[in-house]
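Text of run_5.pdb, listed as PDB, C-alpha atoms:
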ATOM      1  CA  MET A   1      25.324  14.142 -46.789
ATOM      2  CA  ARG A   2      27.333  12.993 -49.815
ATOM      3  CA  ALA A   3      24.252  11.343 -51.268
ATOM      4  CA  VAL A   4      22.180  14.507 -50.819
ATOM      5  CA  LYS A   5      24.920  16.652 -52.412
ATOM      6  CA  ALA A   6      25.035  14.259 -55.364
ATOM      7  CA  ALA A   7      21.239  14.274 -55.652
ATOM      8  CA  LEU A   8      21.159  18.064 -55.769
ATOM      9  CA  LYS A   9      23.520  17.993 -58.793
ATOM     10  CA  ALA A  10      22.249  14.849 -60.547
ATOM     11  CA  ASP A  11      19.429  14.834 -63.072
ATOM     12  CA  THR A  12      17.708  11.774 -61.536
ATOM     13  CA  GLN A  13      17.646  10.231 -58.076
ATOM     14  CA  LYS A  14      17.845   6.727 -59.599
ATOM     15  CA  GLU A  15      21.450   7.288 -60.652
ATOM     16  CA  VAL A  16      22.423   8.494 -57.138
ATOM     17  CA  CYS A  17      20.800   5.466 -55.503
ATOM     18  CA  GLU A  18      22.659   3.072 -57.765
ATOM     19  CA  ASN A  19      26.005   4.791 -57.161
ATOM     20  CA  PHE A  20      25.631   4.873 -53.354
ATOM     21  CA  GLY A  21      23.786   1.555 -53.002
ATOM     22  CA  ILE A  22      20.817   3.052 -51.149
ATOM     23  CA  SER A  23      17.057   2.890 -51.591
ATOM     24  CA  ARG A  24      15.026   5.675 -53.134
ATOM     25  CA  GLN A  25      12.985   5.895 -49.954
ATOM     26  CA  SER A  26      16.088   6.606 -47.810
ATOM     27  CA  LEU A  27      17.299   9.246 -50.240
ATOM     28  CA  GLY A  28      13.855  10.826 -50.312
ATOM     29  CA  ASN A  29      13.767  11.032 -46.498
ATOM     30  CA  TRP A  30      17.235  12.617 -46.375
ATOM     31  CA  LEU A  31      16.282  15.208 -48.983
ATOM     32  CA  LYS A  32      13.120  16.042 -47.083
ATOM     33  CA  LYS A  33      15.082  16.604 -43.853
ATOM     34  CA  TYR A  34      17.669  18.727 -45.684
ATOM     35  CA  ARG A  35      15.063  20.974 -47.298
ATOM     36  CA  LYS A  36      13.324  21.450 -43.971
ATOM     37  CA  SER A  37      16.257  22.012 -41.545
ATOM     38  CA  GLY A  38      19.452  22.129 -43.587
ATOM     39  CA  TRP A  39      22.660  20.127 -43.175
ATOM     40  CA  ARG A  40      22.314  19.923 -39.374
ATOM     41  CA  ALA A  41      19.315  17.622 -39.796
ATOM     42  CA  LEU A  42      21.598  15.044 -41.444
ATOM     43  CA  LYS A  43      24.227  14.939 -38.709
ATOM     44  CA  ALA A  44      24.716  11.571 -37.010
ATOM     45  CA  LYS A  45      22.871  11.097 -33.718
ATOM     46  CA  LYS A  46      23.483   8.768 -30.801
ATOM     47  CA  ARG A  47      21.782   5.432 -31.363
ATOM     48  CA  GLY A  48      19.987   3.135 -28.913
ATOM     49  CA  ARG A  49      17.327   3.718 -26.298
ATOM     50  CA  THR A  50      16.932   7.203 -24.950
ATOM     51  CA  LYS A  51      18.072   7.633 -21.383
ATOM     52  CA  SER A  52      15.118   6.996 -19.104
ATOM     53  CA  ILE A  53      14.119   9.359 -16.342
ATOM     54  CA  ARG A  54      14.976   7.891 -12.962
ATOM     55  CA  LEU A  55      13.917   8.869  -9.493
ATOM     56  CA  LYS A  56      16.635   9.990  -7.153
ATOM     57  CA  PRO A  57      17.079   7.908  -3.989
ATOM     58  CA  TRP A  58      15.429  10.536  -1.784
ATOM     59  CA  GLN A  59      12.495  10.817  -4.192
ATOM     60  CA  ALA A  60      12.012   7.038  -4.148
ATOM     61  CA  ALA A  61      12.193   6.968  -0.326
ATOM     62  CA  THR A  62       9.628   9.768  -0.065
ATOM     63  CA  THR A  63       7.268   7.969  -2.453
ATOM     64  CA  VAL A  64       7.522   4.690  -0.511
ATOM     65  CA  ARG A  65       6.835   6.464   2.780
ATOM     66  CA  ILE A  66       3.744   8.197   1.395
ATOM     67  CA  ILE A  67       2.324   5.003  -0.150
ATOM     68  CA  THR A  68       2.836   3.174   3.143
ATOM     69  CA  ASP A  69       1.351   5.814   5.443
ATOM     70  CA  ARG A  70      -1.298   7.595   3.385
ATOM     71  CA  LEU A  71      -4.128   6.936   0.905
ATOM     72  CA  PRO A  72      -4.525   8.753  -2.444
ATOM     73  CA  ASP A  73      -7.694  10.627  -1.427
ATOM     74  CA  GLN A  74      -5.884  11.993   1.627
ATOM     75  CA  LEU A  75      -3.515  13.722  -0.802
ATOM     76  CA  LYS A  76      -6.439  14.985  -2.933
ATOM     77  CA  LEU A  77      -5.623  12.564  -5.736
ATOM     78  CA  PRO A  78      -8.653  11.204  -7.682
ATOM     79  CA  PHE A  79      -8.051   7.603  -6.594
ATOM     80  CA  ALA A  80      -9.244   5.434  -3.707
ATOM     81  CA  LEU A  81      -6.407   2.878  -3.845
ATOM     82  CA  TRP A  82      -2.725   2.899  -4.747
ATOM     83  CA  THR A  83      -2.762   1.770  -8.379
ATOM     84  CA  ARG A  84       0.041   2.394 -10.870
ATOM     85  CA  GLU A  85      -1.899   5.402 -12.174
ATOM     86  CA  ALA A  86      -2.241   6.757  -8.628
ATOM     87  CA  VAL A  87       1.495   6.370  -7.939
ATOM     88  CA  ALA A  88       2.297   8.070 -11.250
ATOM     89  CA  GLY A  89       0.011  10.935 -10.248
ATOM     90  CA  LEU A  90       1.732  11.196  -6.873
ATOM     91  CA  ILE A  91       5.221  11.363  -8.432
ATOM     92  CA  GLU A  92       4.122  13.981 -10.957
ATOM     93  CA  MET A  93       2.465  16.054  -8.219
ATOM     94  CA  LYS A  94       5.424  15.871  -5.818
ATOM     95  CA  PHE A  95       8.396  15.999  -8.197
ATOM     96  CA  GLY A  96       7.054  17.091 -11.597
ATOM     97  CA  ILE A  97       8.250  13.845 -13.197
ATOM     98  CA  LYS A  98       6.048  11.911 -15.640
ATOM     99  CA  LEU A  99       6.563   8.137 -15.702
ATOM    100  CA  SER A 100       4.772   5.420 -17.661
ATOM    101  CA  LYS A 101       2.683   2.704 -16.010
ATOM    102  CA  MET A 102       5.286   0.081 -16.938
ATOM    103  CA  THR A 103       8.027   2.096 -15.269
ATOM    104  CA  ILE A 104       5.866   2.596 -12.172
ATOM    105  CA  GLY A 105       5.221  -1.150 -12.082
ATOM    106  CA  ARG A 106       8.952  -1.898 -12.136
ATOM    107  CA  TYR A 107       9.549   0.605  -9.345
ATOM    108  CA  LEU A 108       6.784  -0.879  -7.189
ATOM    109  CA  LYS A 109       8.180  -4.381  -7.657
ATOM    110  CA  ARG A 110      11.663  -3.170  -6.756
ATOM    111  CA  TRP A 111      10.295  -1.479  -3.606
ATOM    112  CA  GLY A 112       8.605  -4.690  -2.457
ATOM    113  CA  PHE A 113       4.998  -3.732  -3.272
ATOM    114  CA  THR A 114       2.546  -6.287  -4.692
ATOM    115  CA  PRO A 115      -1.142  -5.903  -5.712
ATOM    116  CA  GLN A 116      -3.311  -7.000  -2.773
ATOM    117  CA  LYS A 117      -6.935  -6.923  -1.711
ATOM    118  CA  PRO A 118      -7.099  -4.320   1.066
ATOM    119  CA  ALA A 119      -8.615  -5.080   4.461
ATOM    120  CA  LYS A 120     -11.303  -2.707   5.719
ATOM    121  CA  ARG A 121     -10.977  -0.879   9.009
ATOM    122  CA  ALA A 122     -13.538   1.447  10.560
ATOM    123  CA  VAL A 123     -12.477   5.069  10.837
ATOM    124  CA  GLU A 124     -14.156   5.127  14.272
ATOM    125  CA  GLN A 125     -11.626   2.646  15.648
ATOM    126  CA  SER A 126      -9.323   3.967  18.336
ATOM    127  CA  PRO A 127      -5.712   2.759  17.893
ATOM    128  CA  GLU A 128      -5.070   3.612  21.551
ATOM    129  CA  ALA A 129      -7.938   1.364  22.671
ATOM    130  CA  VAL A 130      -6.659  -1.523  20.520
ATOM    131  CA  LYS A 131      -3.142  -1.062  21.868
ATOM    132  CA  LYS A 132      -4.462  -1.053  25.449
ATOM    133  CA  TRP A 133      -6.396  -4.260  24.746
ATOM    134  CA  LEU A 134      -3.380  -6.054  23.296
ATOM    135  CA  GLU A 135      -0.838  -4.898  25.872
ATOM    136  CA  THR A 136      -2.863  -4.619  29.085
ATOM    137  CA  GLU A 137      -6.458  -5.842  29.079
ATOM    138  CA  TYR A 138      -6.133  -9.217  27.351
ATOM    139  CA  PRO A 139      -2.927 -10.221  29.227
ATOM    140  CA  ALA A 140      -4.814  -9.521  32.469
ATOM    141  CA  ILE A 141      -7.728 -11.705  31.301
ATOM    142  CA  LYS A 142      -5.284 -14.452  30.337
ATOM    143  CA  ALA A 143      -3.612 -14.302  33.753
ATOM    144  CA  ARG A 144      -6.991 -14.501  35.506
ATOM    145  CA  SER A 145      -8.034 -17.483  33.396
ATOM    146  CA  LEU A 146      -4.962 -19.410  34.526
ATOM    147  CA  LYS A 147      -5.569 -18.490  38.145
ATOM    148  CA  GLU A 148      -9.296 -19.327  38.104
ATOM    149  CA  LYS A 149      -8.927 -22.316  35.717
ATOM    150  CA  ALA A 150     -11.229 -20.681  33.198
ATOM    151  CA  GLU A 151     -11.472 -21.500  29.491
ATOM    152  CA  ILE A 152     -11.356 -18.481  27.154
ATOM    153  CA  HIS A 153     -13.947 -18.496  24.370
ATOM    154  CA  TRP A 154     -14.103 -15.973  21.543
ATOM    155  CA  GLY A 155     -17.643 -15.372  20.359
ATOM    156  CA  ASP A 156     -19.398 -13.622  17.514
ATOM    157  CA  GLU A 157     -22.591 -13.739  15.496
ATOM    158  CA  THR A 158     -23.048 -13.305  11.768
ATOM    159  CA  GLY A 159     -25.796 -13.343   9.173
ATOM    160  CA  ILE A 160     -25.643 -15.112   5.819
ATOM    161  CA  ARG A 161     -27.766 -14.711   2.705
ATOM    162  CA  SER A 162     -28.576 -17.027  -0.150
ATOM    163  CA  ASP A 163     -27.300 -14.540  -2.763
ATOM    164  CA  HIS A 164     -23.792 -14.331  -1.293
ATOM    165  CA  GLN A 165     -21.186 -15.406  -3.870
ATOM    166  CA  ALA A 166     -17.457 -15.988  -3.528
ATOM    167  CA  GLY A 167     -14.756 -17.122  -5.916
ATOM    168  CA  ARG A 168     -14.598 -17.279  -9.716
ATOM    169  CA  THR A 169     -15.313 -19.824 -12.431
ATOM    170  CA  TYR A 170     -13.616 -20.542 -15.742
ATOM    171  CA  GLY A 171     -15.415 -19.624 -18.959
ATOM    172  CA  ARG A 172     -14.850 -18.793 -22.616
ATOM    173  CA  LYS A 173     -13.101 -15.471 -23.196
ATOM    174  CA  GLY A 174     -15.664 -12.731 -23.773
ATOM    175  CA  LYS A 175     -18.580 -14.890 -22.577
ATOM    176  CA  THR A 176     -19.556 -14.411 -18.943
ATOM    177  CA  PRO A 177     -20.599 -17.765 -17.393
ATOM    178  CA  ILE A 178     -24.165 -17.927 -16.096
ATOM    179  CA  VAL A 179     -24.887 -19.688 -12.792
ATOM    180  CA  PRO A 180     -28.523 -20.760 -12.384
ATOM    181  CA  CYS A 181     -29.937 -19.875  -8.966
ATOM    182  CA  THR A 182     -33.224 -19.148  -7.287
ATOM    183  CA  GLY A 183     -34.599 -15.622  -7.400
ATOM    184  CA  GLN A 184     -35.797 -15.938  -3.807
ATOM    185  CA  ARG A 185     -33.745 -14.442  -1.006
ATOM    186  CA  PHE A 186     -33.419 -16.139   2.332
ATOM    187  CA  GLY A 187     -30.870 -16.422   5.089
ATOM    188  CA  CYS A 188     -30.147 -17.188   8.702
ATOM    189  CA  SER A 189     -27.979 -16.041  11.589
ATOM    190  CA  ILE A 190     -25.349 -17.985  13.536
ATOM    191  CA  ILE A 191     -23.765 -17.560  16.950
ATOM    192  CA  SER A 192     -20.443 -19.303  17.489
ATOM    193  CA  THR A 193     -17.550 -19.472  19.924
ATOM    194  CA  ILE A 194     -14.045 -20.904  19.473
ATOM    195  CA  THR A 195     -10.976 -21.478  21.641
ATOM    196  CA  ASN A 196      -7.287 -21.670  20.788
ATOM    197  CA  ARG A 197      -7.420 -25.353  21.732
ATOM    198  CA  GLY A 198      -9.747 -26.103  18.816
ATOM    199  CA  THR A 199     -13.110 -26.143  20.619
ATOM    200  CA  LEU A 200     -16.055 -24.863  18.581
ATOM    201  CA  ARG A 201     -19.664 -24.289  19.672
ATOM    202  CA  PHE A 202     -22.459 -22.874  17.507
ATOM    203  CA  MET A 203     -26.188 -22.232  17.307
ATOM    204  CA  ILE A 204     -28.206 -21.489  14.154
ATOM    205  CA  LEU A 205     -30.898 -18.821  14.523
ATOM    206  CA  LYS A 206     -34.007 -18.724  12.379
ATOM    207  CA  LYS A 207     -35.185 -15.468  13.902
ATOM    208  CA  ARG A 208     -33.538 -12.123  14.460
ATOM    209  CA  PHE A 209     -30.697 -12.139  16.989
ATOM    210  CA  ASN A 210     -31.916 -10.906  20.381
ATOM    211  CA  ALA A 211     -31.155 -11.145  24.118
ATOM    212  CA  ASP A 212     -33.250 -14.317  24.641
ATOM    213  CA  GLN A 213     -31.403 -16.190  21.908
ATOM    214  CA  PHE A 214     -28.060 -15.032  23.224
ATOM    215  CA  ILE A 215     -28.966 -16.264  26.721
ATOM    216  CA  THR A 216     -29.971 -19.608  25.197
ATOM    217  CA  MET A 217     -26.542 -19.841  23.569
ATOM    218  CA  LEU A 218     -24.839 -18.991  26.870
ATOM    219  CA  SER A 219     -26.858 -21.677  28.681
ATOM    220  CA  ARG A 220     -25.893 -24.268  26.090
ATOM    221  CA  LEU A 221     -22.276 -23.186  26.380
ATOM    222  CA  LEU A 222     -22.321 -23.786  30.149
ATOM    223  CA  LYS A 223     -23.736 -27.281  29.685
ATOM    224  CA  SER A 224     -21.338 -28.326  26.902
ATOM    225  CA  VAL A 225     -18.070 -26.981  28.321
ATOM    226  CA  LYS A 226     -16.414 -29.017  31.075
ATOM    227  CA  ALA A 227     -14.147 -26.247  32.364
ATOM    228  CA  GLU A 228     -14.706 -24.867  35.845
ATOM    229  CA  LYS A 229     -15.362 -21.419  34.416
ATOM    230  CA  ILE A 230     -15.798 -19.690  31.055
ATOM    231  CA  PHE A 231     -14.376 -16.336  30.022
ATOM    232  CA  LEU A 232     -16.310 -15.206  26.944
ATOM    233  CA  ILE A 233     -14.852 -12.397  24.807
ATOM    234  CA  VAL A 234     -17.274 -10.677  22.398
ATOM    235  CA  ASP A 235     -17.745  -7.362  20.628
ATOM    236  CA  ARG A 236     -19.937  -4.525  21.876
ATOM    237  CA  HIS A 237     -23.120  -5.528  20.048
ATOM    238  CA  PRO A 238     -26.239  -4.019  21.773
ATOM    239  CA  VAL A 239     -27.561  -7.527  22.506
ATOM    240  CA  HIS A 240     -24.387  -8.409  24.423
ATOM    241  CA  ARG A 241     -24.914  -5.366  26.633
ATOM    242  CA  ALA A 242     -28.674  -5.783  27.064
ATOM    243  CA  ALA A 243     -30.098  -5.496  30.615
ATOM    244  CA  LYS A 244     -31.567  -8.999  30.419
ATOM    245  CA  VAL A 245     -28.158 -10.450  29.518
ATOM    246  CA  LYS A 246     -26.442  -8.547  32.343
ATOM    247  CA  LYS A 247     -28.978  -9.898  34.821
ATOM    248  CA  TRP A 248     -28.436 -13.474  33.610
ATOM    249  CA  LEU A 249     -24.640 -13.088  33.832
ATOM    250  CA  GLU A 250     -24.879 -11.772  37.394
ATOM    251  CA  LYS A 251     -26.869 -14.866  38.325
ATOM    252  CA  HIS A 252     -24.194 -17.164  36.828
ATOM    253  CA  HIS A 253     -21.091 -15.079  37.606
ATOM    254  CA  ASP A 254     -19.397 -18.030  39.289
ATOM    255  CA  LYS A 255     -19.562 -20.030  36.028
ATOM    256  CA  ILE A 256     -19.203 -17.489  33.257
ATOM    257  CA  GLN A 257     -17.885 -13.959  32.769
ATOM    258  CA  MET A 258     -18.013 -11.786  29.674
ATOM    259  CA  PHE A 259     -15.419  -9.313  28.381
ATOM    260  CA  PHE A 260     -15.702  -6.786  25.558
ATOM    261  CA  LEU A 261     -13.318  -6.139  22.681
ATOM    262  CA  PRO A 262     -12.335  -2.571  21.722
ATOM    263  CA  PRO A 263     -15.022  -0.793  19.642
ATOM    264  CA  TYR A 264     -14.923  -1.299  15.864
ATOM    265  CA  SER A 265     -12.106  -3.853  16.029
ATOM    266  CA  PRO A 266     -13.327  -7.116  14.440
ATOM    267  CA  GLU A 267      -9.815  -7.909  13.173
ATOM    268  CA  VAL A 268      -8.655  -8.790  16.718
ATOM    269  CA  ASN A 269     -11.420 -11.394  17.153
ATOM    270  CA  PRO A 270     -10.408 -14.893  15.914
ATOM    271  CA  ASP A 271     -14.071 -15.869  15.502
ATOM    272  CA  GLU A 272     -14.319 -13.358  12.636
ATOM    273  CA  PHE A 273     -12.031 -15.605  10.592
ATOM    274  CA  LEU A 274     -14.411 -18.503  11.186
ATOM    275  CA  ASN A 275     -17.262 -16.344   9.879
ATOM    276  CA  ASN A 276     -15.271 -15.447   6.764
ATOM    277  CA  ASP A 277     -14.518 -19.118   6.148
ATOM    278  CA  LEU A 278     -18.210 -19.952   6.568
ATOM    279  CA  LYS A 279     -19.344 -17.344   4.045
ATOM    280  CA  SER A 280     -16.675 -18.285   1.501
ATOM    281  CA  ASN A 281     -17.033 -22.080   1.595
ATOM    282  CA  ALA A 282     -20.386 -23.069   3.112
ATOM    283  CA  VAL A 283     -22.404 -20.368   1.375
ATOM    284  CA  GLY A 284     -20.502 -18.530  -1.341
ATOM    285  CA  ARG A 285     -19.474 -21.641  -3.322
ATOM    286  CA  LYS A 286     -22.568 -23.772  -2.712
ATOM    287  CA  ARG A 287     -25.895 -22.764  -4.205
ATOM    288  CA  ALA A 288     -28.765 -23.509  -1.782
ATOM    289  CA  LYS A 289     -32.251 -23.862  -3.283
ATOM    290  CA  ASP A 290     -34.135 -22.987  -0.114
ATOM    291  CA  SER A 291     -33.647 -22.050   3.542
ATOM    292  CA  GLU A 292     -33.576 -25.689   4.647
ATOM    293  CA  GLU A 293     -30.696 -26.517   2.304
ATOM    294  CA  LEU A 294     -28.859 -23.374   3.382
ATOM    295  CA  GLU A 295     -29.185 -24.374   7.028
ATOM    296  CA  THR A 296     -28.015 -27.898   6.171
ATOM    297  CA  ASN A 297     -24.899 -26.547   4.451
ATOM    298  CA  VAL A 298     -24.115 -24.321   7.425
ATOM    299  CA  ARG A 299     -24.636 -27.105   9.955
ATOM    300  CA  LYS A 300     -22.472 -29.492   7.931
ATOM    301  CA  PHE A 301     -19.700 -26.898   7.791
ATOM    302  CA  PHE A 302     -19.667 -26.428  11.577
ATOM    303  CA  LYS A 303     -19.943 -30.153  12.329
ATOM    304  CA  THR A 304     -16.941 -30.811  10.096
ATOM    305  CA  LYS A 305     -14.936 -28.117  11.875
ATOM    306  CA  GLN A 306     -15.846 -29.540  15.276
ATOM    307  CA  LYS A 307     -14.338 -32.872  14.264
ATOM    308  CA  ARG A 308     -11.113 -31.161  13.180
ATOM    309  CA  PRO A 309      -9.779 -29.055  16.088
ATOM    310  CA  GLU A 310      -6.517 -28.461  14.230
ATOM    311  CA  ASN A 311      -8.473 -26.489  11.610
ATOM    312  CA  VAL A 312     -10.099 -24.339  14.299
ATOM    313  CA  LYS A 313      -6.672 -23.580  15.778
ATOM    314  CA  LYS A 314      -5.586 -22.149  12.431
ATOM    315  CA  TYR A 315      -8.000 -19.240  12.868
ATOM    316  CA  PHE A 316      -5.638 -18.014  15.588
ATOM    317  CA  GLN A 317      -2.623 -17.932  13.257
ATOM    318  CA  ALA A 318      -3.539 -14.735  11.418
ATOM    319  CA  LYS A 319      -1.225 -11.881  12.300
ATOM    320  CA  SER A 320      -3.928  -9.712  13.915
ATOM    321  CA  VAL A 321      -5.094 -12.490  16.306
ATOM    322  CA  ARG A 322      -1.872 -14.379  16.938
ATOM    323  CA  TYR A 323      -1.729 -12.785  20.383
ATOM    324  CA  ALA A 324      -4.664 -15.032  21.396
ATOM    325  CA  SER A 325      -3.105 -18.287  20.203
ATOM    326  CA  ILE A 326      -1.365 -19.107  23.518
TER     327      ILE A 326
END
If you took the structure in this file and wrote it as structure tokens, what would it be?
Amino acid sequence: MRAVKAALKADTQKEVCENFGISRQSLGNWLKKYRKSGWRALKAKKRGRTKSIRLKPWQAATTVRIITDRLPDQLKLPFALWTREAVAGLIEMKFGIKLSKMTIGRYLKRWGFTPQKPAKRAVEQSPEAVKKWLETEYPAIKARSLKEKAEIHWGDETGIRSDHQAGRTYGRKGKTPIVPCTGQRFGCSIISTITNRGTLRFMILKKRFNADQFITMLSRLLKSVKAEKIFLIVDRHPVHRAAKVKKWLEKHHDKIQMFFLPPYSPEVNPDEFLNNDLKSNAVGRKRAKDSEELETNVRKFFKTKQKRPENVKKYFQAKSVRYASI
């Protein structure tokens, strides 16, 4: 203020700057502020970072509950997943508070949230049916298996294609790596069963999965397993429920019985984790030139797993299938 008062009286600004030991730029800025808003524009202001907007404890608790229980599109937000932008949109919609992405990121970290690849779950799945399976149906099957000295096998079938790719590769920044591969598309199907003791059985199919091929797999299973009886748990695929399969099972009911998982619930089947491992390692990271090489890679994968029962047992350690590990 003293410098501005002196500048208003002085003939030149150079003399004022020399007397007060300030730069001409600073004096020019002060004069500009004075002429625009008067002496109040030159009053001292509190220094340091401005006080950031913080969520109140109840606002934070509400946000955490919504992120845990709902998805953005259920709240009519233009997002499919909970990103930092989606959480910022939620907070602005609910509380009228605008927060930056960095602030949202710090909040999410503090609340125990981390970026993760979401698992898919069919909307047709019935939580009540899954609960009944876990608490009533499977325990009853387990009790029967002990009484009848039966071995429980978990079965599933899957299809693989030559153009399936998994994982990433290093490359120069800004230059996408190119992986040479055949333009032809080919594939095959596989039926497999596993037990929590590390037993694995499989059959590679060159044709479309049907009742005859499934019966062939069941026949092979009876010959290869030494247990007095087999309890086979599978999903509700139409082939599993085919009339021809039912007739075959009735004929061999003293040796094998089949049970069905809840509809649309692949996450409770341990054999699904074997299929995921197959697609990621035997197919996705190995480039087959033709159908014969693809089949060789698949067969090698399963043969290796058969020699390592401890690896097969690990498929039962995922949280959703741990109930079947004992």
Restricting to only C-alpha atoms, whichever of A:Leu274, A:Ile91, A:Leu27, A:Ala61 is closest to Gly198 (chain A) is A:Leu274
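Among A:Lys109, A:Asn297, A:Leu90, A:Ile256, the residue with the shortest atom-to-atom distance to Pro78 (chain A), counting all atoms listed in the file, is A:Leu90.
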Compare A:Gly174, A:Pro238, A:Pro309, A:Gly159 by their minimum atom-to-atom distance to Leu205 (chain A), counting all atoms listed in the file, and give me the closest one.
A:Gly159
Could you expand the PyMOL selection byres ((chain A and resi 156) around 9) into the explicit residues it covers here, written as a CSV table (one decimal) with C-alpha atoms, in the frame of the given file?
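Printed below is result.csv as written:
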chain,number,residue,atom,x,y,z
A,154,TRP,CA,-14.1,-16.0,21.5
A,155,GLY,CA,-17.6,-15.4,20.4
A,157,GLU,CA,-22.6,-13.7,15.5
A,158,THR,CA,-23.0,-13.3,11.8
A,190,ILE,CA,-25.3,-18.0,13.5
A,191,ILE,CA,-23.8,-17.6,17.0
A,192,SER,CA,-20.4,-19.3,17.5
A,193,THR,CA,-17.6,-19.5,19.9
A,233,ILE,CA,-14.9,-12.4,24.8
A,234,VAL,CA,-17.3,-10.7,22.4
A,235,ASP,CA,-17.7,-7.4,20.6
A,269,ASN,CA,-11.4,-11.4,17.2
A,271,ASP,CA,-14.1,-15.9,15.5
A,272,GLU,CA,-14.3,-13.4,12.6
A,275,ASN,CA,-17.3,-16.3,9.9
May I ask for the distance between CA of Lys246 (chain A) and CA of Leu222 (chain A), given in Å to one decimal place?
15.9 Å
Using only C-alpha atoms, which protein or nucleic acid residues come within 12 Å of Thr216 (chain A)? Drop anything in the same chain fewer than 6 positions from it, and give the result as a ChimeraX atom specification.
/A:191,202-205,209-210,222-223,244-245,248
May I ask which of the residues A:Gly112, A:Lys43, A:Gly28, A:Lys173 is the closest one to Ile67 (chain A), counting all atoms listed in the file?
A:Gly112
Long-range neighbours of Phe302 (chain A) as number ranges by chain, 9 Å cut-off, all atoms listed in the file, 3 positions minimum in chain
A: 200-202, 278, 297-299, 305-307
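Interatomic distance, CA of Val130 (chain A) against CA of Gln116 (chain A): 24.2 Å.
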Long-range neighbours of Ala6 (chain A) as a PyMOL selection string, 7 Å cut-off, only C-alpha atoms, 4 positions minimum in chain
chain A and resi 2+10+16
Give as number ranges by chain each residue that has an atom at most 7 Å from (-7.3, 3.3, -0.9) in the file, counting all atoms listed in the file.
A: 71-72, 80-82
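Note that the spacing between CA of Lys142 (chain A) and CA of Phe214 (chain A) amounts to 23.9 Å.
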Pick out the residues sitting within 12 Å of Asp254 (chain A), and hand them over as a PDB file with C-alpha atoms, in the frame of the given file; count only C-alpha atoms, and ignore anything fewer than 5 positions along from it in its own chain.
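Once everything was written out, this is result19.pdb:
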ATOM      1  CA  GLU A 148      -9.296 -19.327  38.104  1.00  0.00           C
ATOM      2  CA  LYS A 149      -8.927 -22.316  35.717  1.00  0.00           C
ATOM      3  CA  ALA A 150     -11.229 -20.681  33.198  1.00  0.00           C
ATOM      4  CA  LEU A 222     -22.321 -23.786  30.149  1.00  0.00           C
ATOM      5  CA  ALA A 227     -14.147 -26.247  32.364  1.00  0.00           C
ATOM      6  CA  GLU A 228     -14.706 -24.867  35.845  1.00  0.00           C
ATOM      7  CA  LYS A 229     -15.362 -21.419  34.416  1.00  0.00           C
ATOM      8  CA  ILE A 230     -15.798 -19.690  31.055  1.00  0.00           C
ATOM      9  CA  PHE A 231     -14.376 -16.336  30.022  1.00  0.00           C
ATOM     10  CA  TRP A 248     -28.436 -13.474  33.610  1.00  0.00           C
ATOM     11  CA  LEU A 249     -24.640 -13.088  33.832  1.00  0.00           C
TER      12      LEU A 249
END
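The list of residues with at least one atom within 6 Å of region 311-317 of chain A, based on all atoms listed in the file and without residues fewer than 3 positions apart in the same chain, reads Asn196, Gly198, Pro270, Phe273, Arg308, Val321, Arg322 and Ser325 of chain A.
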Explicit residues for the PyMOL selection byres ((chain A and resi 101) around 12) (as number ranges by chain):
A: 83-89, 91, 98-100, 102-108
Could I see region 202-212 of chain A restored to N, CA and C atoms, set down as a JSON list (two decimals), keeping the file's coordinate frame?
[["chain", "number", "residue", "atom", "x", "y", "z"],
["A", 202, "PHE", "N", -21.67, -23.73, 18.38],
["A", 202, "PHE", "CA", -22.46, -22.87, 17.51],
["A", 202, "PHE", "C", -23.95, -23.10, 17.72],
["A", 203, "MET", "N", -24.73, -22.12, 17.28],
["A", 203, "MET", "CA", -26.19, -22.23, 17.31],
["A", 203, "MET", "C", -26.74, -21.46, 16.11],
["A", 204, "ILE", "N", -27.60, -22.11, 15.33],
["A", 204, "ILE", "CA", -28.21, -21.49, 14.15],
["A", 204, "ILE", "C", -29.52, -20.83, 14.57],
["A", 205, "LEU", "N", -29.70, -19.59, 14.16],
["A", 205, "LEU", "CA", -30.90, -18.82, 14.52],
["A", 205, "LEU", "C", -31.78, -18.64, 13.30],
["A", 206, "LYS", "N", -33.05, -18.92, 13.47],
["A", 206, "LYS", "CA", -34.01, -18.72, 12.38],
["A", 206, "LYS", "C", -34.71, -17.37, 12.50],
["A", 207, "LYS", "N", -34.59, -16.78, 13.68],
["A", 207, "LYS", "CA", -35.18, -15.47, 13.90],
["A", 207, "LYS", "C", -34.08, -14.44, 14.11],
["A", 208, "ARG", "N", -34.49, -13.20, 14.26],
["A", 208, "ARG", "CA", -33.54, -12.12, 14.46],
["A", 208, "ARG", "C", -32.82, -12.29, 15.80],
["A", 209, "PHE", "N", -31.51, -12.00, 15.79],
["A", 209, "PHE", "CA", -30.70, -12.14, 16.99],
["A", 209, "PHE", "C", -31.18, -11.18, 18.08],
["A", 210, "ASN", "N", -31.46, -11.74, 19.26],
["A", 210, "ASN", "CA", -31.92, -10.91, 20.38],
["A", 210, "ASN", "C", -31.36, -11.45, 21.69],
["A", 211, "ALA", "N", -31.70, -10.79, 22.81],
["A", 211, "ALA", "CA", -31.16, -11.14, 24.12],
["A", 211, "ALA", "C", -31.55, -12.56, 24.52],
["A", 212, "ASP", "N", -32.79, -12.97, 24.26],
["A", 212, "ASP", "CA", -33.25, -14.32, 24.64],
["A", 212, "ASP", "C", -32.44, -15.40, 23.93]]
